[in-house]
Amino acid sequence: MAEEHVPVPRGRHAPPLEVRRGVQRQRLFEAAARVFSQMGYADASAEAISREAGMSKATFYEHFANKEECILSLVDAAAGATRHAVTEAATDGDDAVDANIHARVHAFLEIVAAFPEFARVVIVDVIGVGPVGAAKRDEMLEAFGAFLDAENQAAHERYGAPRFASPDDAYAIVGAIMELASRQLRTGHPADPRDLEPVIERVVAGVIAQGTP
């Protein structure tokens, strides 16, 4: 069942067009996350997403050319929001490496726990799109790896945190985190994704320990 939403006023009380379109797009993303995660990409359809969102197919096609464009746009939006949340999890004034690692890992797993359908689409279901989906997932992992490497470089320059031995170290950490999250979303092991926190922290700490001072 689609969530109930407050109707958008019409006529002279209607909000600006860009606001209405933003509300519509968010509702479509929420519906698409449910449909893709429950049905899989192959069996999902624009009609199913529109029905879940409580909208017409015409409205869906005002935002997306097809279900492929929808899922790829969803991945971009969710990945961007996740990077922002992870960035905000630690403050510039906190020079404790372990504390920053803990805060960022905790923030990521809280997002997975709070939004499992979005997480499943981004981490698992996008692969069902085929080569384009695999490329989008690779692009996302590369972006997260570059983000992590840049964060490590900044911490190294700011307060002498150990530097990764190579940018591939950052990608290795991201890959490990994504595969652990993928398994949890697909199999339910562990029951709560937040139980992965100590495992991920050990992976991160192990890689950093091999870095350069």
# chains A, B, ... in the order shown; residues from 1 in each chain; ligands from 1

call {"tool": "closest_atom_pairs", "arguments": {"of": "region 108-163 of chain A", "to": "region 72-81 of chain A", "cutoff": "12 Å", "atoms": "only C-alpha atoms", "output": "JSON lines"}}
result
{"residue": "A:Phe108", "atom": "CA", "partner": "A:Ala81", "partner_atom": "CA", "distance": 10.6}
{"residue": "A:Ile111", "atom": "CA", "partner": "A:Ala81", "partner_atom": "CA", "distance": 9.8}
{"residue": "A:Val112", "atom": "CA", "partner": "A:Ala78", "partner_atom": "CA", "distance": 10.9}
{"residue": "A:Phe115", "atom": "CA", "partner": "A:Ala78", "partner_atom": "CA", "distance": 10.0}
{"residue": "A:Pro116", "atom": "CA", "partner": "A:Ala78", "partner_atom": "CA", "distance": 11.6}
{"residue": "A:Glu117", "atom": "CA", "partner": "A:Ala78", "partner_atom": "CA", "distance": 11.0}
{"residue": "A:Phe118", "atom": "CA", "partner": "A:Ala78", "partner_atom": "CA", "distance": 7.2}
{"residue": "A:Ala119", "atom": "CA", "partner": "A:Ala78", "partner_atom": "CA", "distance": 8.1}
{"residue": "A:Arg120", "atom": "CA", "partner": "A:Val75", "partner_atom": "CA", "distance": 10.2}
{"residue": "A:Val121", "atom": "CA", "partner": "A:Val75", "partner_atom": "CA", "distance": 7.4}
{"residue": "A:Val122", "atom": "CA", "partner": "A:Val75", "partner_atom": "CA", "distance": 5.2}
{"residue": "A:Ile123", "atom": "CA", "partner": "A:Val75", "partner_atom": "CA", "distance": 8.6}
{"residue": "A:Val124", "atom": "CA", "partner": "A:Val75", "partner_atom": "CA", "distance": 10.7}
{"residue": "A:Asp125", "atom": "CA", "partner": "A:Val75", "partner_atom": "CA", "distance": 10.0}
{"residue": "A:Val126", "atom": "CA", "partner": "A:Leu72", "partner_atom": "CA", "distance": 7.5}
{"residue": "A:Ile127", "atom": "CA", "partner": "A:Leu72", "partner_atom": "CA", "distance": 10.4}
{"residue": "A:Gly128", "atom": "CA", "partner": "A:Leu72", "partner_atom": "CA", "distance": 11.3}
{"residue": "A:Val129", "atom": "CA", "partner": "A:Leu72", "partner_atom": "CA", "distance": 8.9}
{"residue": "A:Gly130", "atom": "CA", "partner": "A:Leu72", "partner_atom": "CA", "distance": 11.6}
{"residue": "A:Val132", "atom": "CA", "partner": "A:Leu72", "partner_atom": "CA", "distance": 8.8}
{"residue": "A:Gly133", "atom": "CA", "partner": "A:Leu72", "partner_atom": "CA", "distance": 7.3}
{"residue": "A:Ala134", "atom": "CA", "partner": "A:Leu72", "partner_atom": "CA", "distance": 10.5}
{"residue": "A:Ala135", "atom": "CA", "partner": "A:Leu72", "partner_atom": "CA", "distance": 10.3}
{"residue": "A:Lys136", "atom": "CA", "partner": "A:Leu72", "partner_atom": "CA", "distance": 7.1}
{"residue": "A:Arg137", "atom": "CA", "partner": "A:Val75", "partner_atom": "CA", "distance": 8.3}
{"residue": "A:Asp138", "atom": "CA", "partner": "A:Val75", "partner_atom": "CA", "distance": 11.6}
{"residue": "A:Glu139", "atom": "CA", "partner": "A:Asp76", "partner_atom": "CA", "distance": 9.7}
{"residue": "A:Met140", "atom": "CA", "partner": "A:Ala79", "partner_atom": "CA", "distance": 7.1}
{"residue": "A:Leu141", "atom": "CA", "partner": "A:Ala79", "partner_atom": "CA", "distance": 9.5}
{"residue": "A:Glu142", "atom": "CA", "partner": "A:Ala79", "partner_atom": "CA", "distance": 11.5}
{"residue": "A:Ala143", "atom": "CA", "partner": "A:Ala79", "partner_atom": "CA", "distance": 9.2}
{"residue": "A:Phe144", "atom": "CA", "partner": "A:Ala79", "partner_atom": "CA", "distance": 8.6}
{"residue": "A:Phe147", "atom": "CA", "partner": "A:Gly80", "partner_atom": "CA", "distance": 11.1}

call {"tool": "closest_residue", "arguments": {"among": "A:Asp195, A:Ala154, A:Ala46, A:Ile71", "to": "Ala58 (chain A)", "atoms": "only C-alpha atoms"}}
result
A:Ala46

call {"tool": "closest_residue", "arguments": {"among": "A:Val97, A:Val207, A:Ala181, A:Ala44", "to": "Phe164 (chain A)", "atoms": "only C-alpha atoms"}}
result
A:Val207

call {"tool": "closest_residue", "arguments": {"among": "A:Met55, A:Leu109, A:Ala205, A:Ala114", "to": "Ser182 (chain A)", "atoms": "only C-alpha atoms"}}
result
A:Leu109

call {"tool": "atom_distance", "arguments": {"atom1": "CA of Glu88 (chain A)", "atom2": "CA of His106 (chain A)"}}
result
11.8 Å

call {"tool": "closest_residue", "arguments": {"among": "A:Lys67, A:Lys57, A:Val203, A:Leu196", "to": "Gly40 (chain A)", "atoms": "only C-alpha atoms"}}
result
A:Lys67

call {"tool": "closest_residue", "arguments": {"among": "A:Arg25, A:Arg163, A:Arg20, A:Arg186", "to": "Tyr61 (chain A)", "atoms": "only C-alpha atoms"}}
result
A:Arg25
